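One structure is given below, encoded as structure tokens.
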Amino acid sequence: MNKKLISILCTAAMAGSLLAAAPAFAESQTEASTEASGSAPTAEELLAEKVTPDKAYKFALITMDSIDQHWVNMNNGAQEEAKADGVTVDFMSPDTKDDAKQIEMVNNATAAGYDAIMIAANGPDAITGALKDAQAAGIKIVYVDSPANLDAEATFSTDNKAAGKTAGEQMIAALKDKGITEGDIGIVNVNASTQTAVDREQGFRDAFDGTDFNILETQYCDGDASKAQSEAENYITQGVVGIYGTNEGSSTGVGNAIKASGNTDLVGVGFDKSDTIKDLIKDGYLACTMAQNPDVMGKLGVKACIKVMNGEDLGGVTVDTGVTVLTKDNVNG
């Protein structure tokens, strides 16, 4: 399947840049890829585009869990778009990040005869068997946030490796502001199989190439904030100068560990946004976080499902839905 890459990475190089709403994409777009037929549409254009379903379709939205505010915001975006377009989206995600539970959700959606499934794959491989069964039953698959290793109609997600590199660059800058140019850095990740988290870690590590900082062995928390805090506290006892959390739960844990330590020289950098993470930034326990746009993923996912059910071939298009660096200066923006 031919895939087009629409690169719309909204990573803010400076703290003052803020993507507060989808229409602001136009301010920080990079040049979109093109095909012989002409320029590919941008995310802003896709958001503005009106879609009309041929009938009242029914879609399932299955995310990694139903707890993180990231997924709640994605569902909010999907529900808003579904209401506007006259289709139904059922949010039927597991209560925790677990391959078996997510597979069960896909199997349930297949048995229920949904027209399409929007899914954020917990891992790139474990879910593919269930998704193949769904496709064999005539169900269309659209990826939101995290794809699996199986061709689908379209993918709407963050360029996680680039965003991870930005997180690393932000940490280096924050450490430099404190006069710190060397030392150990800890990473609290979700797991070793979720591709989005793997990419975020790799991008972060890439940012430290050629520096005098040392990245320690990664610790995994399965997205659990309490476990992440314990792991971050272990890093702190080892004398690290900075800690990076790769998702909402790990970022919350990192910020809480720095808060509990009372060490104002420690630099914490997170990924994702929630009210708790925003408060940790305001209070100075996290220098910044990489804020995604899950509501945009949800909206564009619904639009894509309607299009393919209407008979349109999206060609496996991949759209980067952008990321913004949130700091104390713009977290209230």
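Note on naming: chains are A, B, ... as they come in the structure tokens, residues start from 1 per chain, ligands start from 1 in the order shown.
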Requested in this report: Considering only C-alpha atoms, return as number ranges by chain whatever protein or nucleic-acid residues lie within 6 Å of segment 97-103 of chain A, sequence-local ones (same chain, fewer than 2 positions apart) excluded.
Outcome: A: 64-65, 94, 105-106, 127
Requested in this report: List the neighbours of His70 of chain A out to 8 Å using only C-alpha atoms; skip same-chain residues closer than 4 positions along the sequence, and give me the result as JSON, numbers by chain.
Outcome: {"A": [74, 248, 272, 273, 274, 294]}
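Proximity ranking of A:Ser226, A:Thr52, A:Asn256, A:Thr96 relative to Asp68 of chain A places A:Thr96 first, based on only C-alpha atoms.
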Query - Exercise: Ala304 of chain A partners within 8 Å, only C-alpha atoms, chain neighbours under 6 positions left out, as a PyMOL selection string - result: chain A and resi 142+153-154+314
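Across A:Asp329, A:Asp265, A:Asp320, A:Glu104, the tightest approach to Ile281 of chain A is made by A:Asp329 when counting only C-alpha atoms.
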